[in-house]
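S.K.: Following this line is upload28.pdb, made up of PDB, C-alpha atoms:
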```pdb
ATOM      1  CA  MET K   1      24.576 -20.323 -18.541
ATOM      2  CA  SER K   2      22.792 -17.010 -18.313
ATOM      3  CA  LEU K   3      22.549 -14.873 -21.412
ATOM      4  CA  LYS K   4      21.975 -11.751 -19.300
ATOM      5  CA  SER K   5      24.727  -9.138 -19.480
ATOM      6  CA  PRO K   6      26.503  -8.321 -16.177
ATOM      7  CA  LEU K   7      25.089  -4.777 -16.333
ATOM      8  CA  GLY K   8      21.539  -6.055 -16.870
ATOM      9  CA  ARG K   9      21.887  -8.400 -13.910
ATOM     10  CA  VAL K  10      23.163  -5.656 -11.604
ATOM     11  CA  LEU K  11      20.450  -3.159 -12.614
ATOM     12  CA  GLY K  12      17.756  -5.850 -12.238
ATOM     13  CA  LEU K  13      15.203  -3.941 -14.297
ATOM     14  CA  GLY K  14      13.843  -6.941 -16.233
ATOM     15  CA  SER K  15      11.946  -6.878 -19.517
ATOM     16  CA  ALA K  16       9.561  -4.093 -18.452
ATOM     17  CA  LYS K  17      12.584  -1.887 -17.585
ATOM     18  CA  GLU K  18      10.993  -0.888 -14.296
ATOM     19  CA  GLY K  19      12.381  -3.508 -11.933
ATOM     20  CA  THR K  20      10.522  -4.206  -8.703
ATOM     21  CA  GLU K  21       9.770  -0.546  -7.902
ATOM     22  CA  HIS K  22       5.987  -0.755  -8.421
ATOM     23  CA  TRP K  23       5.608  -4.106  -6.653
ATOM     24  CA  TRP K  24       7.706  -2.993  -3.679
ATOM     25  CA  SER K  25       6.025   0.450  -3.329
ATOM     26  CA  GLN K  26       2.659  -1.311  -3.340
ATOM     27  CA  ARG K  27       3.774  -3.449  -0.361
ATOM     28  CA  VAL K  28       5.374  -0.584   1.574
ATOM     29  CA  THR K  29       2.324   1.691   1.170
ATOM     30  CA  ALA K  30       0.073  -1.275   2.090
ATOM     31  CA  VAL K  31       1.947  -1.764   5.381
ATOM     32  CA  ALA K  32       1.879   1.998   6.092
ATOM     33  CA  MET K  33      -1.872   2.110   5.433
ATOM     34  CA  ILE K  34      -2.638  -0.404   8.214
ATOM     35  CA  PRO K  35      -1.894   1.936  11.159
ATOM     36  CA  LEU K  36      -2.903   5.091   9.218
ATOM     37  CA  THR K  37      -6.399   3.868   8.255
ATOM     38  CA  LEU K  38      -7.058   2.430  11.706
ATOM     39  CA  TRP K  39      -5.954   5.744  13.292
ATOM     40  CA  PHE K  40      -8.235   7.693  10.916
ATOM     41  CA  ALA K  41     -11.263   5.449  11.465
ATOM     42  CA  LEU K  42     -10.883   5.318  15.260
ATOM     43  CA  SER K  43     -10.261   9.098  15.512
ATOM     44  CA  LEU K  44     -13.396   9.902  13.522
ATOM     45  CA  LEU K  45     -15.436   7.442  15.587
ATOM     46  CA  ALA K  46     -14.102   9.067  18.770
ATOM     47  CA  LEU K  47     -15.278  12.566  17.753
ATOM     48  CA  ASP K  48     -18.351  13.805  19.644
ATOM     49  CA  ALA K  49     -19.882  15.469  16.588
ATOM     50  CA  TYR K  50     -19.096  16.055  12.926
ATOM     51  CA  ASP K  51     -19.941  19.766  12.691
ATOM     52  CA  TYR K  52     -17.613  22.303  11.077
ATOM     53  CA  VAL K  53     -15.988  23.589  14.281
ATOM     54  CA  THR K  54     -15.327  20.166  15.838
ATOM     55  CA  VAL K  55     -13.897  18.722  12.611
ATOM     56  CA  THR K  56     -11.677  21.690  11.701
ATOM     57  CA  ASN K  57     -10.371  21.880  15.295
ATOM     58  CA  TRP K  58      -9.562  18.195  15.137
ATOM     59  CA  ILE K  59      -7.717  18.580  11.792
ATOM     60  CA  ALA K  60      -5.809  21.627  13.112
ATOM     61  CA  ALA K  61      -4.224  19.795  16.072
ATOM     62  CA  PRO K  62      -0.533  19.324  15.061
ATOM     63  CA  ILE K  63      -0.401  15.542  15.442
ATOM     64  CA  ASN K  64      -3.664  15.147  13.478
ATOM     65  CA  THR K  65      -2.399  17.454  10.718
ATOM     66  CA  ILE K  66       0.774  15.385  10.343
ATOM     67  CA  LEU K  67      -0.996  12.019  10.384
ATOM     68  CA  LEU K  68      -3.769  13.235   8.075
ATOM     69  CA  LEU K  69      -1.179  14.460   5.535
ATOM     70  CA  LEU K  70       0.569  11.076   5.712
ATOM     71  CA  PHE K  71      -2.801   9.278   5.456
ATOM     72  CA  ALA K  72      -3.931  11.276   2.394
ATOM     73  CA  MET K  73      -0.628  11.024   0.528
ATOM     74  CA  THR K  74      -0.041   7.331   1.275
ATOM     75  CA  MET K  75      -3.643   6.477   0.375
ATOM     76  CA  LEU K  76      -3.466   8.348  -2.948
ATOM     77  CA  TYR K  77      -0.126   6.739  -3.833
ATOM     78  CA  HIS K  78      -1.435   3.266  -2.917
ATOM     79  CA  SER K  79      -4.653   3.918  -4.852
ATOM     80  CA  LYS K  80      -2.677   5.167  -7.874
ATOM     81  CA  LEU K  81      -0.522   2.026  -7.911
ATOM     82  CA  GLY K  82      -3.622  -0.185  -7.716
ATOM     83  CA  THR K  83      -5.759   1.529 -10.349
ATOM     84  CA  GLN K  84      -2.713   1.671 -12.637
ATOM     85  CA  VAL K  85      -2.529  -2.146 -12.564
ATOM     86  CA  VAL K  86      -6.255  -2.463 -13.305
ATOM     87  CA  VAL K  87      -5.867  -0.192 -16.353
ATOM     88  CA  GLU K  88      -2.699  -1.987 -17.522
ATOM     89  CA  ASP K  89      -4.502  -5.343 -17.308
ATOM     90  CA  TYR K  90      -7.895  -4.445 -18.785
ATOM     91  CA  VAL K  91      -7.435  -1.453 -21.113
ATOM     92  CA  HIS K  92      -5.573  -1.932 -24.378
ATOM     93  CA  GLY K  93      -3.939   0.013 -27.197
ATOM     94  CA  GLY K  94      -3.981   3.786 -27.386
ATOM     95  CA  THR K  95      -6.829   4.049 -24.875
ATOM     96  CA  LYS K  96      -4.529   2.491 -22.273
ATOM     97  CA  VAL K  97      -1.867   5.200 -22.701
ATOM     98  CA  VAL K  98      -4.452   7.992 -22.571
ATOM     99  CA  THR K  99      -6.132   6.473 -19.487
ATOM    100  CA  LEU K 100      -2.811   6.065 -17.667
ATOM    101  CA  ILE K 101      -1.810   9.683 -18.340
ATOM    102  CA  GLY K 102      -5.301  10.849 -17.327
ATOM    103  CA  LEU K 103      -5.032   8.882 -14.062
ATOM    104  CA  LYS K 104      -1.661  10.463 -13.298
ATOM    105  CA  LEU K 105      -3.074  13.962 -13.797
ATOM    106  CA  ILE K 106      -6.132  13.198 -11.652
ATOM    107  CA  TYR K 107      -3.994  11.825  -8.824
ATOM    108  CA  ALA K 108      -1.652  14.828  -9.017
ATOM    109  CA  PHE K 109      -4.685  17.113  -8.644
ATOM    110  CA  LEU K 110      -6.113  15.067  -5.756
ATOM    111  CA  GLY K 111      -2.752  15.090  -3.984
ATOM    112  CA  VAL K 112      -2.344  18.854  -4.234
ATOM    113  CA  ALA K 113      -6.011  19.413  -3.294
ATOM    114  CA  SER K 114      -5.785  17.310  -0.128
ATOM    115  CA  VAL K 115      -2.441  18.756   1.039
ATOM    116  CA  PHE K 116      -3.684  22.302   0.388
ATOM    117  CA  SER K 117      -6.968  21.671   2.245
ATOM    118  CA  ILE K 118      -5.335  20.131   5.300
ATOM    119  CA  LEU K 119      -2.714  22.887   5.539
ATOM    120  CA  ARG K 120      -5.248  25.664   5.003
ATOM    121  CA  ILE K 121      -7.356  24.349   7.890
ATOM    122  CA  SER K 122      -4.336  23.679  10.091
ATOM    123  CA  LEU K 123      -2.588  27.000   9.466
ATOM    124  CA  GLY K 124      -5.772  28.843  10.234
ATOM    125  CA  SER K 125      -6.786  30.662   7.069
ATOM    126  CA  ALA K 126     -10.048  28.716   6.727
TER
ATOM    127  CA  MET L   1     -12.299  -4.722  -6.913
ATOM    128  CA  THR L   2     -12.698  -3.279  -3.417
ATOM    129  CA  GLY L   3      -9.612  -1.159  -4.151
ATOM    130  CA  VAL L   4     -11.360   0.463  -7.112
ATOM    131  CA  ALA L   5     -14.460   1.092  -4.972
ATOM    132  CA  LEU L   6     -12.309   2.579  -2.213
ATOM    133  CA  SER L   7     -10.550   4.815  -4.752
ATOM    134  CA  PHE L   8     -13.935   6.390  -5.478
ATOM    135  CA  GLY L   9     -14.298   6.748  -1.716
ATOM    136  CA  THR L  10     -11.126   8.866  -1.628
ATOM    137  CA  LEU L  11     -12.956  11.346  -3.878
ATOM    138  CA  VAL L  12     -15.592  11.819  -1.174
ATOM    139  CA  PHE L  13     -12.857  12.099   1.471
ATOM    140  CA  ILE L  14     -11.114  14.842  -0.529
ATOM    141  CA  ALA L  15     -14.413  16.628  -1.266
ATOM    142  CA  TRP L  16     -15.027  16.581   2.499
ATOM    143  CA  LEU L  17     -11.526  18.022   3.179
ATOM    144  CA  LEU L  18     -11.864  20.679   0.463
ATOM    145  CA  SER L  19     -15.247  21.774   1.782
ATOM    146  CA  ALA L  20     -13.851  22.055   5.322
ATOM    147  CA  ALA L  21     -11.016  24.184   3.931
ATOM    148  CA  THR L  22     -13.490  26.373   2.028
ATOM    149  CA  GLY L  23     -15.769  27.300   4.923
ATOM    150  CA  PRO L  24     -18.824  26.423   7.031
ATOM    151  CA  GLU L  25     -21.381  26.750   4.192
ATOM    152  CA  ALA L  26     -19.507  24.473   1.782
ATOM    153  CA  TYR L  27     -18.843  22.008   4.618
ATOM    154  CA  GLY L  28     -22.546  22.004   5.511
ATOM    155  CA  ARG L  29     -23.509  21.116   1.939
ATOM    156  CA  VAL L  30     -21.115  18.136   1.819
ATOM    157  CA  GLN L  31     -22.242  17.015   5.295
ATOM    158  CA  LEU L  32     -25.849  17.108   4.077
ATOM    159  CA  LEU L  33     -24.884  14.849   1.157
ATOM    160  CA  ILE L  34     -22.981  12.425   3.394
ATOM    161  CA  GLY L  35     -25.810  12.469   5.941
ATOM    162  CA  SER L  36     -28.485  11.570   3.386
ATOM    163  CA  ILE L  37     -29.767   7.981   3.050
ATOM    164  CA  ILE L  38     -27.692   7.418  -0.093
ATOM    165  CA  GLY L  39     -24.638   8.967   1.573
ATOM    166  CA  GLN L  40     -25.003   6.763   4.641
ATOM    167  CA  LEU L  41     -25.494   3.638   2.498
ATOM    168  CA  ALA L  42     -22.360   4.526   0.525
ATOM    169  CA  ILE L  43     -20.356   5.038   3.736
ATOM    170  CA  ALA L  44     -21.566   1.663   5.063
ATOM    171  CA  GLY L  45     -20.541   0.001   1.784
ATOM    172  CA  TRP L  46     -17.136   1.685   1.809
ATOM    173  CA  LEU L  47     -16.639   0.698   5.444
ATOM    174  CA  PHE L  48     -17.199  -2.970   4.566
ATOM    175  CA  ALA L  49     -15.011  -2.639   1.440
ATOM    176  CA  PHE L  50     -12.300  -1.058   3.593
ATOM    177  CA  TYR L  51     -12.244  -3.851   6.195
ATOM    178  CA  TYR L  52     -12.384  -6.488   3.454
ATOM    179  CA  HIS L  53      -9.503  -4.790   1.599
ATOM    180  CA  LEU L  54      -7.539  -4.491   4.871
ATOM    181  CA  GLY L  55      -8.106  -8.152   5.782
ATOM    182  CA  ASN L  56      -7.175  -9.455   2.350
ATOM    183  CA  GLY L  57      -4.209  -7.059   2.235
ATOM    184  CA  VAL L  58      -2.822  -8.582   5.421
ATOM    185  CA  ARG L  59      -3.593 -12.039   3.958
ATOM    186  CA  HIS L  60      -1.556 -11.184   0.853
ATOM    187  CA  LEU L  61       1.345  -9.781   2.929
ATOM    188  CA  PHE L  62       1.336 -13.084   4.858
ATOM    189  CA  TRP L  63       1.342 -15.014   1.564
ATOM    190  CA  ASP L  64       4.351 -12.901   0.508
ATOM    191  CA  THR L  65       6.302 -14.650   3.273
ATOM    192  CA  GLY L  66       5.622 -17.950   1.469
ATOM    193  CA  ARG L  67       3.230 -19.382   4.058
ATOM    194  CA  GLY L  68      -0.460 -20.319   4.126
ATOM    195  CA  PHE L  69      -0.750 -21.690   0.588
ATOM    196  CA  GLU L  70      -2.328 -25.068   1.476
ATOM    197  CA  MET L  71      -5.890 -25.317   0.148
ATOM    198  CA  ALA L  72      -7.386 -25.711   3.643
ATOM    199  CA  GLN L  73      -5.362 -22.760   5.015
ATOM    200  CA  ALA L  74      -6.249 -20.492   2.079
ATOM    201  CA  ARG L  75      -9.949 -21.348   2.496
ATOM    202  CA  ALA L  76      -9.818 -20.735   6.246
ATOM    203  CA  SER L  77      -8.024 -17.369   5.936
ATOM    204  CA  GLY L  78     -10.491 -16.330   3.217
ATOM    205  CA  TRP L  79     -13.517 -16.988   5.404
ATOM    206  CA  THR L  80     -11.774 -15.366   8.375
ATOM    207  CA  VAL L  81     -11.484 -12.165   6.337
ATOM    208  CA  VAL L  82     -15.190 -12.296   5.374
ATOM    209  CA  GLY L  83     -16.163 -12.809   9.032
ATOM    210  CA  PHE L  84     -13.807 -10.068  10.214
ATOM    211  CA  SER L  85     -15.109  -7.545   7.649
ATOM    212  CA  ALA L  86     -18.761  -8.170   8.549
ATOM    213  CA  THR L  87     -18.108  -8.001  12.308
ATOM    214  CA  ALA L  88     -15.888  -4.895  12.096
ATOM    215  CA  THR L  89     -18.448  -3.091   9.898
ATOM    216  CA  VAL L  90     -21.307  -3.781  12.328
ATOM    217  CA  ILE L  91     -19.215  -2.776  15.371
ATOM    218  CA  SER L  92     -18.030   0.471  13.690
ATOM    219  CA  TRP L  93     -21.602   1.359  12.774
ATOM    220  CA  LEU L  94     -22.804   0.689  16.320
ATOM    221  CA  VAL L  95     -19.976   2.787  17.821
ATOM    222  CA  ALA L  96     -20.673   5.666  15.406
ATOM    223  CA  PHE L  97     -24.331   5.881  16.479
ATOM    224  CA  TRP L  98     -23.742   5.160  20.149
TER
END
```
Once more with this new file: its structure as structure tokens, please.
M.R.:
Amino acid sequence: MSLKSPLGRVLGLGSAKEGTEHWWSQRVTAVAMIPLTLWFALSLLALDAYDYVTVTNWIAAPINTILLLLFAMTMLYHSKLGTQVVVEDYVHGGTKVVTLIGLKLIYAFLGVASVFSILRISLGSA
Amino acid sequence: MTGVALSFGTLVFIAWLLSAATGPEAYGRVQLLIGSIIGQLAIAGWLFAFYYHLGNGVRHLFWDTGRGFEMAQARASGWTVVGFSATATVISWLVAFW
């Protein structure tokens, strides 16, 4: 006999009240990162040079802008999920809460910074 | 472990993007840093960490399907990832300078 209430069973959030969201997002972003990282690595290797003009022209091509935005956002989300687990496992007490909030703020900044940079280059104001 | 190292790598990636969005002078300064001996060593290390993380990530996704848990299989897939990471790093480096 299960002592779980019907509502608790349907919601499936478990004792941490977060369900499988973190675990599942980690897997989905991991799968997405396979083609995105390989595309990024191969594209950079295929460039003739790494000077300002070549690189900004490459970023500004529509398909590269789209994939680079996806690459940056997926990577930061995947990285955030991973570092969050490291902190949850190895940092304790009040320091843990402060570190987790600090990480969130840092990742928010990095996300905005990368999206802004890519769009500024692509939309031609750089 | 390699994930934490790669997370620091994203900082360099974003610094590189930001500098490209700022202008040629800023981009030149970051390129100089990346092009230095220490910068190149760091890139080589991150490249290996990336392939290792990728290989073990695929290994874990395969484990998620409930297969490959026998001791011999786990050992074999582990060494396959080490071999793959080393080979892929060397090949990438050769292609980059070719």
S.K.: One decimal, in Å: what's the spacing between atom CA of K:Trp23 and atom CA of K:Phe40?
M.R.: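 Between these atoms lies a distance of 25.3 Å.
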S.K.: Tell me which protein, DNA and RNA residues are within 12 Å of L:Val95, counting all atoms listed in the file, leaving out same-chain ones fewer than 5 positions away, and put them as a VMD selection string.
M.R.: (chain K and resid 41 to 48) or (chain L and resid 88 to 90)
S.K.: List every residue of chain L that has an atom at most 7 Å from any atom of chain K, giving for each one its closest atom pair and the distance in Å to one decimal, counting all atoms listed in the file, sorted by chain and then by ascending residue number, as a tab-separated table.
M.R.:
```
residue	atom	partner	partner_atom	distance
L:Val4	CA	K:Thr83	CA	6.6
L:Ser7	CA	K:Ser79	CA	6.0
L:Ile14	CA	K:Ser114	CA	5.9
L:Leu17	CA	K:Ser117	CA	5.9
L:Leu18	CA	K:Ser117	CA	5.3
L:Ala20	CA	K:Thr56	CA	6.7
L:Ala21	CA	K:Ser117	CA	5.1
L:Thr22	CA	K:Ala126	CA	6.3
L:Gly23	CA	K:Ala126	CA	6.2
L:Pro24	CA	K:Tyr52	CA	5.9
L:Tyr27	CA	K:Tyr52	CA	6.6
L:Val95	CA	K:Leu45	CA	6.9
L:Ala96	CA	K:Leu45	CA	5.5
```
S.K.: Figure out the distance between atom CA of K:Leu69 and atom CA of K:Asn57, please, to one decimal in Å.
M.R.: 15.3 Å
S.K.: What is the atom CA of K:Gly12 to atom CA of K:Gly93 distance in Å?
M.R.: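 Atom CA of K:Gly93 lies 27.0 Å from atom CA of K:Gly12.
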S.K.: Could you expand the PyMOL selection byres ((chain L and resi 54) around 10) into the explicit residues it covers here, written as a PDB file with C-alpha atoms, keeping the file's coordinate frame?
M.R.:
```
ATOM      1  CA  ALA K  30       0.073  -1.275   2.090  1.00  0.00           C
ATOM      2  CA  VAL K  31       1.947  -1.764   5.381  1.00  0.00           C
ATOM      3  CA  MET K  33      -1.872   2.110   5.433  1.00  0.00           C
ATOM      4  CA  ILE K  34      -2.638  -0.404   8.214  1.00  0.00           C
ATOM      5  CA  THR K  37      -6.399   3.868   8.255  1.00  0.00           C
ATOM      6  CA  LEU K  38      -7.058   2.430  11.706  1.00  0.00           C
TER       7      LEU K  38
ATOM      8  CA  THR L   2     -12.698  -3.279  -3.417  1.00  0.00           C
ATOM      9  CA  GLY L   3      -9.612  -1.159  -4.151  1.00  0.00           C
ATOM     10  CA  PHE L  48     -17.199  -2.970   4.566  1.00  0.00           C
ATOM     11  CA  ALA L  49     -15.011  -2.639   1.440  1.00  0.00           C
ATOM     12  CA  PHE L  50     -12.300  -1.058   3.593  1.00  0.00           C
ATOM     13  CA  TYR L  51     -12.244  -3.851   6.195  1.00  0.00           C
ATOM     14  CA  TYR L  52     -12.384  -6.488   3.454  1.00  0.00           C
ATOM     15  CA  HIS L  53      -9.503  -4.790   1.599  1.00  0.00           C
ATOM     16  CA  GLY L  55      -8.106  -8.152   5.782  1.00  0.00           C
ATOM     17  CA  ASN L  56      -7.175  -9.455   2.350  1.00  0.00           C
ATOM     18  CA  GLY L  57      -4.209  -7.059   2.235  1.00  0.00           C
ATOM     19  CA  VAL L  58      -2.822  -8.582   5.421  1.00  0.00           C
ATOM     20  CA  ARG L  59      -3.593 -12.039   3.958  1.00  0.00           C
ATOM     21  CA  HIS L  60      -1.556 -11.184   0.853  1.00  0.00           C
ATOM     22  CA  VAL L  81     -11.484 -12.165   6.337  1.00  0.00           C
ATOM     23  CA  PHE L  84     -13.807 -10.068  10.214  1.00  0.00           C
ATOM     24  CA  SER L  85     -15.109  -7.545   7.649  1.00  0.00           C
TER      25      SER L  85
END
```
S.K.: Write out as JSON an axis-aligned box for stretch 70-75 of chain K: all of its atoms listed in the file, 5 Å added on each side, centre and edge lengths in Å with one decimal.
M.R.:
```
{"center_x": -1.7, "center_y": 8.9, "center_z": 3.0, "size_x": 14.5, "size_y": 14.8, "size_z": 15.3}
```
S.K.: May I have the residues within 9 Å of K:Lys104 as a PyMOL selection string, using only C-alpha atoms and disregarding those fewer than 4 positions away in the same chain?
M.R.: chain K and resi 80+84+99-100+108-109
S.K.: Need the neighbours of (-8.2, 0.8, -17.2): which residues are at most 6 Å away, counting only C-alpha atoms, as a PyMOL selection string?
M.R.: chain K and resi 86-87+90-91
S.K.: Running the PyMOL selection byres ((chain L and resi 12) around 12) on this model by hand, what would come out? Give it as a VMD selection string.
M.R.: (chain K and resid 110 114) or (chain L and resid 5 to 11 13 to 19 30 to 31 33 to 34 39 42 to 43 46)
